[in-house]
$ cat entry.cif   # mmCIF, C-alpha atoms
data_target
loop_
_atom_site.group_PDB
_atom_site.id
_atom_site.type_symbol
_atom_site.label_atom_id
_atom_site.label_comp_id
_atom_site.auth_asym_id
_atom_site.auth_seq_id
_atom_site.Cartn_x
_atom_site.Cartn_y
_atom_site.Cartn_z
ATOM 1 C CA MET A 246 146.864 -12.333 62.900
ATOM 2 C CA GLU A 247 145.456 -9.514 65.056
ATOM 3 C CA GLY A 248 142.190 -10.397 66.753
ATOM 4 C CA LYS A 249 142.255 -14.103 65.913
ATOM 5 C CA ARG A 250 141.919 -16.602 68.720
ATOM 6 C CA LYS A 251 144.682 -19.169 68.929
ATOM 7 C CA VAL A 252 143.581 -22.793 68.888
ATOM 8 C CA MET A 253 145.942 -25.673 69.560
ATOM 9 C CA LEU A 254 144.709 -28.930 68.060
ATOM 10 C CA VAL A 255 146.273 -32.118 69.436
ATOM 11 C CA ASP A 256 145.424 -35.367 67.650
ATOM 12 C CA ASP A 257 147.372 -38.287 66.182
ATOM 13 C CA GLU A 258 145.193 -38.481 63.047
ATOM 14 C CA GLU A 259 146.854 -36.325 60.360
ATOM 15 C CA HIS A 260 143.711 -36.223 58.187
ATOM 16 C CA PHE A 261 141.588 -35.008 61.114
ATOM 17 C CA LEU A 262 144.192 -32.332 61.945
ATOM 18 C CA LYS A 263 144.230 -31.026 58.364
ATOM 19 C CA ILE A 264 140.455 -30.934 57.893
ATOM 20 C CA THR A 265 139.777 -29.363 61.292
ATOM 21 C CA LYS A 266 142.517 -26.739 60.827
ATOM 22 C CA ILE A 267 141.088 -25.793 57.406
ATOM 23 C CA ASN A 268 137.519 -25.633 58.755
ATOM 24 C CA LEU A 269 138.476 -23.448 61.715
ATOM 25 C CA GLU A 270 140.788 -21.116 59.785
ATOM 26 C CA LYS A 271 138.188 -20.717 57.015
ATOM 27 C CA THR A 272 135.979 -18.864 59.521
ATOM 28 C CA GLY A 273 138.615 -16.120 59.721
ATOM 29 C CA LYS A 274 138.381 -16.192 63.533
ATOM 30 C CA TYR A 275 141.137 -18.632 64.432
ATOM 31 C CA GLU A 276 144.823 -19.286 64.051
ATOM 32 C CA VAL A 277 145.344 -23.041 64.439
ATOM 33 C CA GLU A 278 148.487 -24.900 65.438
ATOM 34 C CA THR A 279 148.376 -28.676 65.059
ATOM 35 C CA ILE A 280 150.343 -31.254 67.035
ATOM 36 C CA SER A 281 150.319 -34.960 66.266
ATOM 37 C CA ASP A 282 152.660 -36.027 69.072
ATOM 38 C CA ALA A 283 151.986 -34.584 72.511
ATOM 39 C CA ALA A 284 155.334 -35.535 74.080
ATOM 40 C CA ASP A 285 156.554 -31.921 74.284
ATOM 41 C CA ILE A 286 153.105 -30.421 74.820
ATOM 42 C CA VAL A 287 154.017 -28.037 77.659
ATOM 43 C CA SER A 288 156.811 -26.309 75.739
ATOM 44 C CA ARG A 289 154.688 -26.204 72.552
ATOM 45 C CA VAL A 290 151.823 -24.623 74.495
ATOM 46 C CA LYS A 291 154.157 -22.044 76.030
ATOM 47 C CA SER A 292 155.614 -21.061 72.663
ATOM 48 C CA PHE A 293 152.247 -20.856 70.829
ATOM 49 C CA ASN A 294 150.277 -19.518 73.817
ATOM 50 C CA PRO A 295 146.838 -20.744 72.664
ATOM 51 C CA ASP A 296 143.510 -19.388 73.906
ATOM 52 C CA ILE A 297 142.105 -22.910 73.882
ATOM 53 C CA ILE A 298 143.300 -26.498 73.376
ATOM 54 C CA LEU A 299 141.374 -29.178 71.473
ATOM 55 C CA LEU A 300 142.687 -32.496 72.668
ATOM 56 C CA ASP A 301 142.197 -36.058 71.461
ATOM 57 C CA ILE A 302 142.085 -38.612 74.284
ATOM 58 C CA LEU A 303 143.252 -41.723 72.434
ATOM 59 C CA MET A 304 146.783 -41.165 71.140
ATOM 60 C CA PRO A 305 149.594 -43.725 70.891
ATOM 61 C CA LYS A 306 152.561 -42.259 72.802
ATOM 62 C CA VAL A 307 151.139 -39.680 75.186
ATOM 63 C CA ASP A 308 147.349 -39.816 75.576
ATOM 64 C CA GLY A 309 144.937 -37.034 76.450
ATOM 65 C CA VAL A 310 144.826 -37.978 80.131
ATOM 66 C CA GLU A 311 148.618 -37.626 80.380
ATOM 67 C CA VAL A 312 148.486 -34.346 78.467
ATOM 68 C CA CYS A 313 145.908 -32.931 80.917
ATOM 69 C CA LYS A 314 148.090 -33.982 83.859
ATOM 70 C CA MET A 315 151.179 -32.414 82.267
ATOM 71 C CA LEU A 316 149.338 -29.159 81.572
ATOM 72 C CA ASN A 317 147.695 -29.093 85.013
ATOM 73 C CA GLY A 318 151.136 -29.450 86.568
ATOM 74 C CA ASP A 319 152.337 -26.196 85.029
ATOM 75 C CA PRO A 320 150.934 -22.949 86.493
ATOM 76 C CA VAL A 321 151.512 -20.986 83.276
ATOM 77 C CA VAL A 322 149.496 -23.283 81.003
ATOM 78 C CA SER A 323 147.030 -24.819 83.458
ATOM 79 C CA ARG A 324 144.565 -21.929 82.964
ATOM 80 C CA ILE A 325 144.028 -22.634 79.251
ATOM 81 C CA PRO A 326 140.599 -24.208 78.623
ATOM 82 C CA ILE A 327 140.666 -27.700 77.138
ATOM 83 C CA ILE A 328 137.953 -29.378 75.061
ATOM 84 C CA THR A 329 138.531 -33.094 74.580
ATOM 85 C CA LEU A 330 137.702 -34.860 71.341
ATOM 86 C CA SER A 331 137.194 -38.572 71.441
ATOM 87 C CA ALA A 332 135.726 -41.588 69.755
ATOM 88 C CA LEU A 333 134.970 -42.794 73.289
ATOM 89 C CA ASP A 334 131.522 -41.870 74.478
ATOM 90 C CA THR A 335 131.220 -43.343 77.931
ATOM 91 C CA ASP A 336 130.248 -41.532 81.097
ATOM 92 C CA LYS A 337 133.340 -42.947 82.780
ATOM 93 C CA ASP A 338 135.651 -41.324 80.213
ATOM 94 C CA LYS A 339 133.777 -38.035 80.375
ATOM 95 C CA LEU A 340 133.834 -37.971 84.167
ATOM 96 C CA MET A 341 137.555 -38.756 84.248
ATOM 97 C CA MET A 342 138.299 -35.899 81.815
ATOM 98 C CA TYR A 343 136.053 -33.417 83.642
ATOM 99 C CA LYS A 344 137.875 -34.276 86.874
ATOM 100 C CA LEU A 345 141.099 -33.335 85.068
ATOM 101 C CA GLY A 346 139.624 -29.898 84.429
ATOM 102 C CA ILE A 347 138.399 -29.962 80.843
ATOM 103 C CA VAL A 348 135.641 -27.494 79.927
ATOM 104 C CA ASP A 349 133.849 -29.641 77.345
ATOM 105 C CA PHE A 350 133.794 -33.061 75.677
ATOM 106 C CA LEU A 351 133.016 -33.739 72.010
ATOM 107 C CA VAL A 352 132.496 -37.166 70.473
ATOM 108 C CA LYS A 353 133.960 -37.927 67.040
ATOM 109 C CA PRO A 354 132.950 -37.557 64.287
ATOM 110 C CA ILE A 355 132.700 -33.886 65.136
ATOM 111 C CA GLU A 356 130.324 -31.527 63.398
ATOM 112 C CA LYS A 357 132.148 -28.317 62.386
ATOM 113 C CA ASP A 358 129.414 -25.943 63.618
ATOM 114 C CA GLU A 359 129.153 -27.744 66.941
ATOM 115 C CA LEU A 360 132.930 -27.525 67.397
ATOM 116 C CA ILE A 361 132.947 -23.792 66.670
ATOM 117 C CA SER A 362 130.072 -23.142 69.070
ATOM 118 C CA LYS A 363 131.824 -25.133 71.832
ATOM 119 C CA ILE A 364 135.059 -23.174 71.239
ATOM 120 C CA GLU A 365 133.186 -19.856 71.384
ATOM 121 C CA LYS A 366 131.387 -20.891 74.575
ATOM 122 C CA ALA A 367 134.633 -21.975 76.263
ATOM 123 C CA LEU A 368 136.401 -18.742 75.251
ATOM 124 C CA GLN A 369 133.631 -16.631 76.802
ATOM 125 C CA TYR A 370 134.478 -17.997 80.251
ATOM 126 C CA LYS A 371 138.239 -17.947 79.851
#

$ encode --input "entry.cif" --output "C-alpha cells"
Amino acid sequence: MEGKRKVMLVDDEEHFLKITKINLEKTGKYEVETISDAADIVSRVKSFNPDIILLDILMPKVDGVEVCKMLNGDPVVSRIPIITLSALDTDKDKLMMYKLGIVDFLVKPIEKDELISKIEKALQYK
C-alpha cells in the first residue's frame, strides 16, 4: 500500500460505502476504510490513521456534527481534513459544518470525478 493516501469513509448507507470505496480504490491512489457506525470514530481514526475523512452528516446513532465534535476534541485526530457528504444542501448546514472545521462540503448524489478532485485539493493543503 506504499504511496496510497488513506481515506476514511463514514456513512450509514452500505450501498454508498461499497460503490464509493470501489470507485476510489479503482484509481489506484487510495486505500479506503469504511465505517457505517461512527460511535467509536476516534479510536477507528487512530488505528487507521487516514489522510482524509469523508463524512456523512445524516446518520442514525451518531451524526456528522457529533463526529466532528468528537474528532475536534482529540489533538491527535483533529488535524485530519474532513469533507462532509450530505443530502442536505442548505447554507445553514454548510455554515454549521464549516464552523466545525470541515474543508469541503459535497451534496449527494456525488459525482466520482468531483469527489476525487475535492479529495486531491484537500490533501494538497494538509

$ closest_residue --input "entry.cif" --among "A:Lys274, A:Lys291, A:Lys337, A:Lys251" --to "Val322 of chain A" --atoms "all atoms listed in the file"
A:Lys291

$ closest_residue --input "entry.cif" --among "A:Cys313, A:Met253, A:Leu299, A:Met342" --to "Leu330 of chain A" --atoms "only C-alpha atoms"
A:Leu299

$ residues_around --input "entry.cif" --residues "Lys306 of chain A" --least-positions-apart "3" --cutoff "10 Å" --atoms "all atoms listed in the file" --output "list in words"
Asp257, Asp282, Ala283, Ala284, Leu303, Gly309 and Glu311 of chain A

$ resolve_selection --input "entry.cif" --expression "the PyMOL selection byres ((chain A and resi 328) around 6)" --output "MDAnalysis selection string"
chainID A and resid 299 327 329 347:350

$ residues_around --input "entry.cif" --residues "Ser331 of chain A" --least-positions-apart "5" --cutoff "10 Å" --atoms "only C-alpha atoms" --output "list in words"
Asp256, Leu300, Asp301, Ile302, Leu303, Met304, Gly309, Asp338, Lys339, Phe350, Leu351, Val352, Lys353, Pro354 and Ile355 of chain A

$ closest_residue --input "entry.cif" --among "A:Lys363, A:Lys263, A:Lys314, A:Arg250" --to "Ser281 of chain A" --atoms "all atoms listed in the file"
A:Lys263

$ resolve_selection --input "entry.cif" --expression "the PyMOL selection byres ((chain A and resi 286) around 10)" --output "list in words"
Val255, Ile280, Asp282, Ala283, Ala284, Asp285, Val287, Ser288, Arg289, Val290, Lys291, Ser292, Val307, Val312, Cys313, Met315 and Leu316 of chain A

$ atom_distance --input "entry.cif" --atom1 "atom CA of His260 of chain A" --atom2 "atom CA of Pro295 of chain A"
21.4 Å

$ axis_aligned_box --input "entry.cif" --around "segment 281-285 of chain A" --padding-each-side "3 Å" --output "JSON"
{"center_x": 153.4, "center_y": -34.0, "center_z": 70.3, "size_x": 12.2, "size_y": 10.1, "size_z": 14.0}

$ atom_distance --input "entry.cif" --atom1 "atom CA of Ile264 of chain A" --atom2 "atom CA of Leu340 of chain A"
28.0 Å

$ atom_distance --input "entry.cif" --atom1 "atom CA of Asp296 of chain A" --atom2 "atom CA of Asp334 of chain A"
25.5 Å

$ resolve_selection --input "entry.cif" --expression "the PyMOL selection byres ((chain A and resi 268) around 12)" --output "PyMOL selection string"
chain A and resi 261-267+269-277+355-361

$ closest_residue --input "entry.cif" --among "A:Ala367, A:Pro320, A:Asp336, A:Glu259" --to "Ile298 of chain A" --atoms "all atoms listed in the file"
A:Ala367

$ closest_residue --input "entry.cif" --among "A:Lys344, A:Asp308, A:Pro326, A:Gly248" --to "Ile364 of chain A" --atoms "all atoms listed in the file"
A:Pro326

$ build_atoms --input "entry.cif" --residues "segment 349-364 of chain A" --atoms "N, CA and C atoms" --output "PDB file, in the coordinates of the input"
ATOM      1  N   ASP A 349     134.885 -29.007  78.161  1.00  0.00           N
ATOM      2  CA  ASP A 349     133.849 -29.641  77.345  1.00  0.00           C
ATOM      3  C   ASP A 349     134.383 -30.928  76.731  1.00  0.00           C
ATOM      4  N   PHE A 350     133.462 -31.741  76.191  1.00  0.00           N
ATOM      5  CA  PHE A 350     133.794 -33.061  75.677  1.00  0.00           C
ATOM      6  C   PHE A 350     133.008 -33.267  74.391  1.00  0.00           C
ATOM      7  N   LEU A 351     133.695 -33.494  73.277  1.00  0.00           N
ATOM      8  CA  LEU A 351     133.016 -33.739  72.010  1.00  0.00           C
ATOM      9  C   LEU A 351     133.328 -35.148  71.522  1.00  0.00           C
ATOM     10  N   VAL A 352     132.319 -35.809  70.967  1.00  0.00           N
ATOM     11  CA  VAL A 352     132.496 -37.166  70.473  1.00  0.00           C
ATOM     12  C   VAL A 352     132.675 -37.130  68.949  1.00  0.00           C
ATOM     13  N   LYS A 353     133.714 -37.844  68.487  1.00  0.00           N
ATOM     14  CA  LYS A 353     133.960 -37.927  67.040  1.00  0.00           C
ATOM     15  C   LYS A 353     132.942 -38.865  66.399  1.00  0.00           C
ATOM     16  N   PRO A 354     132.551 -38.658  65.156  1.00  0.00           N
ATOM     17  CA  PRO A 354     132.950 -37.557  64.287  1.00  0.00           C
ATOM     18  C   PRO A 354     132.343 -36.235  64.756  1.00  0.00           C
ATOM     19  N   ILE A 355     133.107 -35.179  64.600  1.00  0.00           N
ATOM     20  CA  ILE A 355     132.700 -33.886  65.136  1.00  0.00           C
ATOM     21  C   ILE A 355     132.143 -32.994  64.034  1.00  0.00           C
ATOM     22  N   GLU A 356     130.995 -32.442  64.310  1.00  0.00           N
ATOM     23  CA  GLU A 356     130.324 -31.527  63.398  1.00  0.00           C
ATOM     24  C   GLU A 356     131.014 -30.162  63.526  1.00  0.00           C
ATOM     25  N   LYS A 357     131.399 -29.581  62.395  1.00  0.00           N
ATOM     26  CA  LYS A 357     132.148 -28.317  62.386  1.00  0.00           C
ATOM     27  C   LYS A 357     131.440 -27.208  63.187  1.00  0.00           C
ATOM     28  N   ASP A 358     130.140 -27.023  62.937  1.00  0.00           N
ATOM     29  CA  ASP A 358     129.414 -25.943  63.618  1.00  0.00           C
ATOM     30  C   ASP A 358     129.342 -26.168  65.128  1.00  0.00           C
ATOM     31  N   GLU A 359     129.194 -27.429  65.515  1.00  0.00           N
ATOM     32  CA  GLU A 359     129.153 -27.744  66.941  1.00  0.00           C
ATOM     33  C   GLU A 359     130.510 -27.437  67.580  1.00  0.00           C
ATOM     34  N   LEU A 360     131.586 -27.794  66.891  1.00  0.00           N
ATOM     35  CA  LEU A 360     132.930 -27.525  67.397  1.00  0.00           C
ATOM     36  C   LEU A 360     133.142 -26.027  67.587  1.00  0.00           C
ATOM     37  N   ILE A 361     132.767 -25.249  66.585  1.00  0.00           N
ATOM     38  CA  ILE A 361     132.947 -23.792  66.670  1.00  0.00           C
ATOM     39  C   ILE A 361     132.121 -23.217  67.813  1.00  0.00           C
ATOM     40  N   SER A 362     130.890 -23.686  67.981  1.00  0.00           N
ATOM     41  CA  SER A 362     130.072 -23.142  69.070  1.00  0.00           C
ATOM     42  C   SER A 362     130.642 -23.518  70.440  1.00  0.00           C
ATOM     43  N   LYS A 363     131.204 -24.726  70.560  1.00  0.00           N
ATOM     44  CA  LYS A 363     131.824 -25.133  71.832  1.00  0.00           C
ATOM     45  C   LYS A 363     133.076 -24.288  72.113  1.00  0.00           C
ATOM     46  N   ILE A 364     133.863 -24.011  71.071  1.00  0.00           N
ATOM     47  CA  ILE A 364     135.059 -23.174  71.239  1.00  0.00           C
ATOM     48  C   ILE A 364     134.641 -21.782  71.700  1.00  0.00           C
TER      49      ILE A 364
END
